[in-house]
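Peer 1: So here's entry-v5.csv, just CSV, C-alpha atoms:
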```
chain,number,residue,atom,x,y,z
A,17,MET,CA,-191.9,-55.6,-15.9
A,18,PRO,CA,-189.9,-55.0,-12.7
A,19,GLU,CA,-186.2,-54.5,-13.1
A,20,VAL,CA,-183.4,-56.4,-11.4
A,21,ASP,CA,-181.2,-54.3,-9.1
A,22,GLU,CA,-177.8,-56.0,-8.8
A,23,LEU,CA,-176.1,-55.4,-5.5
A,24,ALA,CA,-172.4,-55.2,-4.9
A,25,THR,CA,-170.6,-57.6,-2.6
A,26,ILE,CA,-167.1,-58.6,-1.8
A,27,GLU,CA,-168.0,-61.9,-0.1
A,28,CYS,CA,-170.5,-64.5,-0.8
A,29,PRO,CA,-173.0,-66.0,-0.3
A,30,ALA,CA,-174.7,-62.6,0.1
A,31,ARG,CA,-177.7,-60.6,-1.2
A,32,ILE,CA,-176.7,-60.1,-4.9
A,33,ALA,CA,-179.9,-58.9,-6.5
A,34,THR,CA,-183.4,-57.7,-5.6
A,35,VAL,CA,-186.5,-57.3,-7.7
A,36,LYS,CA,-189.3,-55.0,-6.4
A,37,ILE,CA,-192.7,-56.4,-7.0
A,38,ASP,CA,-196.2,-55.4,-5.9
A,39,GLY,CA,-196.4,-56.0,-2.1
A,40,GLY,CA,-192.7,-56.8,-1.6
A,41,SER,CA,-189.6,-58.1,-3.3
A,42,VAL,CA,-187.7,-61.1,-4.5
A,43,GLU,CA,-184.1,-61.4,-3.5
A,44,ALA,CA,-181.3,-63.6,-4.8
A,45,ILE,CA,-178.7,-64.8,-2.2
A,46,GLY,CA,-175.5,-66.4,-3.5
A,47,CYS,CA,-172.4,-65.5,-5.4
A,48,PRO,CA,-172.7,-63.2,-8.4
A,49,GLU,CA,-171.2,-64.1,-11.7
A,50,GLY,CA,-167.5,-63.4,-11.9
A,51,GLU,CA,-164.4,-63.8,-9.7
A,52,GLY,CA,-162.3,-62.0,-7.1
A,53,TYR,CA,-164.4,-62.1,-3.9
A,54,GLU,CA,-162.4,-61.7,-0.7
A,55,LYS,CA,-164.4,-64.5,1.0
A,56,HIS,CA,-166.2,-67.4,-0.7
A,57,VAL,CA,-167.7,-69.6,2.0
A,58,LYS,CA,-169.9,-72.7,1.6
A,59,GLY,CA,-173.5,-71.7,1.6
A,60,ARG,CA,-176.8,-72.3,-0.2
A,61,SER,CA,-177.7,-70.1,-3.1
A,62,ARG,CA,-181.4,-69.3,-2.9
A,63,LEU,CA,-184.3,-67.1,-4.0
A,64,ALA,CA,-186.3,-65.4,-1.2
A,65,LEU,CA,-189.8,-63.8,-1.3
A,66,LEU,CA,-190.2,-60.9,1.1
A,67,ASP,CA,-193.4,-58.9,2.0
A,68,ALA,CA,-193.6,-55.1,2.0
A,69,SER,CA,-192.0,-54.9,5.5
A,70,GLY,CA,-189.0,-56.9,4.4
A,71,LYS,CA,-190.1,-60.1,6.3
A,72,GLN,CA,-189.2,-63.3,4.4
A,73,ILE,CA,-192.3,-65.3,3.6
A,74,ASP,CA,-190.8,-68.0,1.3
A,75,GLU,CA,-187.5,-69.3,0.1
A,76,VAL,CA,-186.3,-71.8,-2.5
A,77,GLU,CA,-182.8,-73.3,-2.8
A,78,VAL,CA,-181.4,-72.8,-6.3
A,79,SER,CA,-178.1,-74.6,-5.6
A,80,ASP,CA,-176.2,-76.3,-2.8
A,81,ASP,CA,-172.8,-76.1,-4.6
A,82,PRO,CA,-170.5,-73.9,-2.6
A,83,TYR,CA,-169.0,-72.4,-5.8
A,84,ALA,CA,-172.3,-71.7,-7.6
A,85,MET,CA,-172.7,-68.3,-9.2
A,86,VAL,CA,-176.2,-66.9,-9.6
A,87,LYS,CA,-177.8,-64.5,-12.0
A,88,VAL,CA,-181.5,-63.4,-12.0
A,89,GLU,CA,-183.4,-61.9,-15.0
A,90,VAL,CA,-187.1,-61.1,-15.3
A,91,GLU,CA,-189.3,-62.3,-18.2
A,92,ASP,CA,-192.9,-61.8,-19.2
A,93,LEU,CA,-193.5,-65.4,-20.4
A,94,TYR,CA,-197.2,-65.2,-20.0
A,95,GLY,CA,-197.8,-61.9,-21.8
A,96,ASP,CA,-199.7,-60.4,-18.9
A,97,GLN,CA,-196.9,-58.6,-17.1
A,98,ARG,CA,-196.7,-61.4,-14.4
A,99,PRO,CA,-192.9,-61.6,-13.6
A,100,VAL,CA,-191.1,-64.8,-14.1
A,101,PHE,CA,-187.7,-65.0,-12.4
A,102,MET,CA,-185.2,-66.6,-14.7
A,103,VAL,CA,-182.5,-67.9,-12.2
A,104,THR,CA,-179.3,-69.0,-13.9
A,105,VAL,CA,-176.9,-71.1,-11.8
A,106,THR,CA,-173.3,-71.6,-13.0
A,107,VAL,CA,-171.1,-74.2,-11.3
A,108,PRO,CA,-167.6,-75.4,-12.3
A,109,THR,CA,-168.6,-78.0,-14.9
A,110,MET,CA,-167.0,-79.3,-18.0
A,111,GLY,CA,-168.4,-81.2,-20.9
A,112,SER,CA,-170.5,-80.7,-24.0
A,113,TRP,CA,-173.9,-81.0,-22.2
A,114,GLY,CA,-173.0,-79.2,-18.9
A,115,GLY,CA,-173.1,-75.5,-18.4
A,116,PRO,CA,-175.1,-72.6,-16.8
A,117,THR,CA,-178.6,-73.8,-16.1
A,118,THR,CA,-181.6,-71.5,-16.0
A,119,THR,CA,-184.8,-72.4,-14.0
A,120,PRO,CA,-187.8,-70.1,-14.3
A,121,TYR,CA,-189.6,-69.4,-11.0
A,122,GLN,CA,-192.9,-67.6,-10.5
A,123,ILE,CA,-195.0,-66.5,-7.5
A,124,GLU,CA,-198.0,-68.6,-6.7
A,125,GLY,CA,-199.9,-67.2,-3.7
A,126,ALA,CA,-197.2,-66.5,-1.1
A,127,HIS,CA,-194.7,-69.0,-2.6
A,128,LEU,CA,-192.0,-69.2,-5.1
A,129,ARG,CA,-192.5,-72.1,-7.5
A,130,PRO,CA,-190.5,-73.4,-10.4
A,131,ILE,CA,-192.4,-73.7,-13.7
A,132,LEU,CA,-193.4,-77.4,-14.1
A,133,VAL,CA,-193.7,-79.1,-17.5
A,134,ASN,CA,-196.7,-81.2,-18.6
A,135,GLY,CA,-198.1,-81.0,-15.1
A,136,ASN,CA,-195.9,-84.0,-14.0
A,137,GLY,CA,-193.9,-82.2,-11.4
A,138,LYS,CA,-190.7,-82.0,-13.5
A,139,LYS,CA,-189.4,-78.4,-13.3
A,140,LEU,CA,-188.3,-76.7,-16.4
A,141,GLU,CA,-184.5,-76.4,-16.6
A,142,LEU,CA,-182.7,-74.8,-19.5
A,143,THR,CA,-178.9,-75.5,-19.9
A,144,SER,CA,-176.6,-73.5,-22.1
A,145,ALA,CA,-173.6,-75.6,-23.3
A,146,ILE,CA,-171.7,-76.7,-26.4
A,147,LYS,CA,-174.4,-79.2,-27.4
A,148,ILE,CA,-177.4,-77.4,-25.9
A,149,THR,CA,-178.9,-74.0,-26.7
A,150,TRP,CA,-182.2,-72.3,-25.9
A,151,TRP,CA,-184.0,-69.0,-26.4
A,152,THR,CA,-187.4,-67.4,-26.1
A,153,LYS,CA,-189.6,-66.0,-28.9
A,154,PRO,CA,-193.1,-64.6,-29.1
A,155,ALA,CA,-195.5,-67.5,-28.6
A,156,ARG,CA,-197.3,-69.1,-31.6
A,157,SER,CA,-200.5,-68.5,-29.7
A,158,GLY,CA,-199.9,-64.8,-29.9
A,159,HIS,CA,-199.8,-64.4,-26.1
A,160,GLY,CA,-196.6,-64.5,-24.1
A,161,LYS,CA,-193.5,-66.4,-25.2
A,162,ASP,CA,-192.5,-69.9,-26.2
A,163,ILE,CA,-189.2,-71.4,-25.2
A,164,TYR,CA,-187.1,-73.2,-27.8
A,165,LYS,CA,-184.4,-75.7,-26.9
A,166,ILE,CA,-182.0,-77.7,-29.1
A,167,VAL,CA,-179.9,-80.6,-27.9
A,168,THR,CA,-177.4,-82.4,-30.1
A,169,THR,CA,-177.5,-86.0,-29.0
A,170,ILE,CA,-174.6,-88.4,-28.6
A,171,GLN,CA,-175.8,-90.0,-31.9
A,172,GLY,CA,-175.4,-86.6,-33.6
A,173,THR,CA,-179.1,-85.8,-34.2
A,174,ASP,CA,-180.6,-82.5,-33.2
A,175,GLU,CA,-183.6,-82.8,-30.9
A,176,GLY,CA,-185.9,-79.8,-30.6
A,177,THR,CA,-188.3,-79.0,-27.8
A,178,ARG,CA,-190.8,-76.1,-27.8
A,179,TYR,CA,-192.2,-75.3,-24.4
A,180,SER,CA,-195.5,-73.4,-24.6
A,181,PHE,CA,-198.2,-72.4,-22.1
A,182,GLU,CA,-201.4,-74.1,-23.2
A,183,ASP,CA,-204.7,-74.8,-21.3
A,184,GLY,CA,-203.2,-73.5,-18.0
A,185,LYS,CA,-200.0,-75.5,-18.0
A,186,TRP,CA,-196.6,-75.6,-19.7
A,187,VAL,CA,-196.3,-78.3,-22.4
A,188,ALA,CA,-193.2,-79.7,-24.1
A,189,HIS,CA,-193.5,-80.4,-27.8
A,190,LYS,CA,-190.5,-82.6,-28.9
A,191,GLY,CA,-189.2,-83.8,-32.2
A,192,THR,CA,-186.1,-84.3,-34.4
A,193,LEU,CA,-184.8,-81.2,-36.3
A,194,LYS,CA,-183.5,-82.1,-39.8
A,195,ASN,CA,-182.3,-78.7,-41.0
A,196,TRP,CA,-180.6,-77.2,-37.9
A,197,THR,CA,-177.3,-75.6,-39.1
A,198,GLY,CA,-176.1,-74.3,-35.7
A,199,GLU,CA,-177.3,-70.8,-36.5
A,200,HIS,CA,-180.5,-69.0,-35.6
A,201,LEU,CA,-182.1,-68.3,-38.9
A,202,SER,CA,-185.3,-66.4,-39.4
A,203,ASN,CA,-187.3,-69.6,-39.9
A,204,THR,CA,-185.5,-71.8,-37.3
A,205,GLU,CA,-188.6,-71.9,-35.0
A,206,ALA,CA,-190.8,-73.1,-37.9
A,207,GLU,CA,-189.1,-76.5,-37.9
A,208,PHE,CA,-190.1,-77.2,-34.2
A,209,PRO,CA,-193.2,-79.3,-33.4
```
Give the structure from this file in structure tokens form.
Peer 2:
Amino acid sequence: MPEVDELATIECPARIATVKIDGGSVEAIGCPEGEGYEKHVKGRSRLALLDASGKQIDEVEVSDDPYAMVKVEVEDLYGDQRPVFMVTVTVPTMGSWGGPTTTPYQIEGAHLRPILVNGNGKKLELTSAIKITWWTKPARSGHGKDIYKIVTTIQGTDEGTRYSFEDGKWVAHKGTLKNWTGEHLSNTEAEFP
């Protein structure tokens, strides 16, 4: 899997990370996680796809918040060494259900596209907060990874969602978790639908 090269900057938005891929690179433009930048101006945080010559061929906005901080990681969600760019955006939010939100992007043709769930056009967004947690684990299918998410509802129930790649699309399997203790146990994933 390609590695993320984090770039130093004293002002933002700026190029903060680059990932070399076959035939070009993917760059993150925004503010890196942390504080202390000399200049923080309003600007869009985005992900850009560049060809081998450095020419931009596609771009997606990941946040329009002027105080957003961005982090990029690369995952092999499909199990075939195809890079998926896990873009985490952190904005000043408060609350039990608000926090850093990770959206997986992939390259389709010459475009950056978010992963869509159930083929309905809704992009997969994974929030980390007091009442929400998520993680990846080797897929039940034996190929790639599944994504597990738990949300504690206002009513106090724990709702679990397992996202898996099946028949050429990402599918959400949802259900109530009865035995979630707030800790990742060795059999936690077995309770998910």
Peer 1: How many Å lie between atom CA of Ile131 of chain A and atom CA of Pro116 of chain A, rounded to one decimal?
Peer 2: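 Taking atom CA of Ile131 of chain A as the start and atom CA of Pro116 of chain A as the end point, the length is 17.6 Å.
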Peer 1: Could you check the closest approach to Gln122 of chain A for each of A:Leu66, A:Ile26, A:Leu193, A:Val42 and tell me which residue wins, using only C-alpha atoms?
Peer 2: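 Result for the nearest residue to Gln122 of chain A: A:Val42.
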Peer 1: Could the residues of segment 139-187 of chain A that have an atom at most 6 Å from segment 85-96 of chain A be listed as CSV, each with its closest atom pair and the distance in Å to one decimal, counting only C-alpha atoms and ordered by chain and ascending residue number?
Peer 2:
```
residue,atom,partner,partner_atom,distance
A:His159,CA,A:Gly95,CA,5.4
A:Gly160,CA,A:Gly95,CA,3.7
A:Lys161,CA,A:Leu93,CA,4.9
```
Peer 1: Identify which of the residues A:Val133, A:Glu182, A:Ser144, A:Val187 lies closest to Ile166 of chain A, counting all atoms listed in the file when measuring atom-to-atom distances.
Peer 2: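 Smallest distance to Ile166 of chain A is found for A:Ser144.
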Peer 1: Using all atoms listed in the file, collect all residues at a distance of at most 12 Å from (-178.2, -68.3, -14.8) as written in the file, then present them as a CSV table (one decimal) with C-alpha atoms, keeping the file's coordinate frame.
Peer 2:
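See result-v9.csv below for the written result:
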```csv
chain,number,residue,atom,x,y,z
A,44,ALA,CA,-181.3,-63.6,-4.8
A,46,GLY,CA,-175.5,-66.4,-3.5
A,47,CYS,CA,-172.4,-65.5,-5.4
A,48,PRO,CA,-172.7,-63.2,-8.4
A,49,GLU,CA,-171.2,-64.1,-11.7
A,61,SER,CA,-177.7,-70.1,-3.1
A,78,VAL,CA,-181.4,-72.8,-6.3
A,79,SER,CA,-178.1,-74.6,-5.6
A,84,ALA,CA,-172.3,-71.7,-7.6
A,85,MET,CA,-172.7,-68.3,-9.2
A,86,VAL,CA,-176.2,-66.9,-9.6
A,87,LYS,CA,-177.8,-64.5,-12.0
A,88,VAL,CA,-181.5,-63.4,-12.0
A,89,GLU,CA,-183.4,-61.9,-15.0
A,90,VAL,CA,-187.1,-61.1,-15.3
A,101,PHE,CA,-187.7,-65.0,-12.4
A,102,MET,CA,-185.2,-66.6,-14.7
A,103,VAL,CA,-182.5,-67.9,-12.2
A,104,THR,CA,-179.3,-69.0,-13.9
A,105,VAL,CA,-176.9,-71.1,-11.8
A,106,THR,CA,-173.3,-71.6,-13.0
A,107,VAL,CA,-171.1,-74.2,-11.3
A,115,GLY,CA,-173.1,-75.5,-18.4
A,116,PRO,CA,-175.1,-72.6,-16.8
A,117,THR,CA,-178.6,-73.8,-16.1
A,118,THR,CA,-181.6,-71.5,-16.0
A,119,THR,CA,-184.8,-72.4,-14.0
A,120,PRO,CA,-187.8,-70.1,-14.3
A,141,GLU,CA,-184.5,-76.4,-16.6
A,142,LEU,CA,-182.7,-74.8,-19.5
A,143,THR,CA,-178.9,-75.5,-19.9
A,144,SER,CA,-176.6,-73.5,-22.1
```
Peer 1: For a test of reading the model, state the distance in Å between atom CA of His127 of chain A and atom CA of Gln97 of chain A, rounded to one decimal.
Peer 2: 18.0 Å
Peer 1: Quote the spacing between atom CA of Ile146 of chain A and atom CA of Trp113 of chain A in Å to one decimal place.
Peer 2: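 According to the coordinates, atom CA of Ile146 of chain A and atom CA of Trp113 of chain A are separated by 6.4 Å.
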Peer 1: Between A:Thr197, A:Thr34, A:Ser41, A:Ser157, which has the minimum distance to Asp174 of chain A (counting all atoms listed in the file)?
Peer 2: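 Ranked by minimum distance to Asp174 of chain A, first place goes to A:Thr197.
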Peer 1: Which residue, A:Arg98, A:His200, A:Lys165, A:Lys194, has the smallest gap to Asp38 of chain A when you use only C-alpha atoms?
Peer 2: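 When distances to Asp38 of chain A are compared using only C-alpha atoms, the smallest one comes from A:Arg98.
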Peer 1: Here is a test: counting all atoms listed in the file, which residue of A:Leu128, A:Ala188, A:Leu65, A:Ala155 is nearest to Glu43 of chain A?
Peer 2: A:Leu65
Peer 1: Calculated over all atoms listed in the file, which of the candidates A:Leu140, A:Ile170, A:Ile45, A:Ala126 has the smallest distance to Glu27 of chain A?
Peer 2: A:Ile45
Peer 1: Please provide as a list in words all residues within 8 Å of Glu207 of chain A, with the sequence filter that same-chain residues fewer than 3 positions apart are discarded (counting all atoms listed in the file).
Peer 2: Leu193, Asn195, Asn203 and Thr204 of chain A
Peer 1: How would you write as a ChimeraX atom specification the residues that get within 10 Å of (-186.2, -75.8, -24.9) in the file's frame, counting only C-alpha atoms?
Peer 2: /A:140-143,148-152,162-167,175-180,188-190
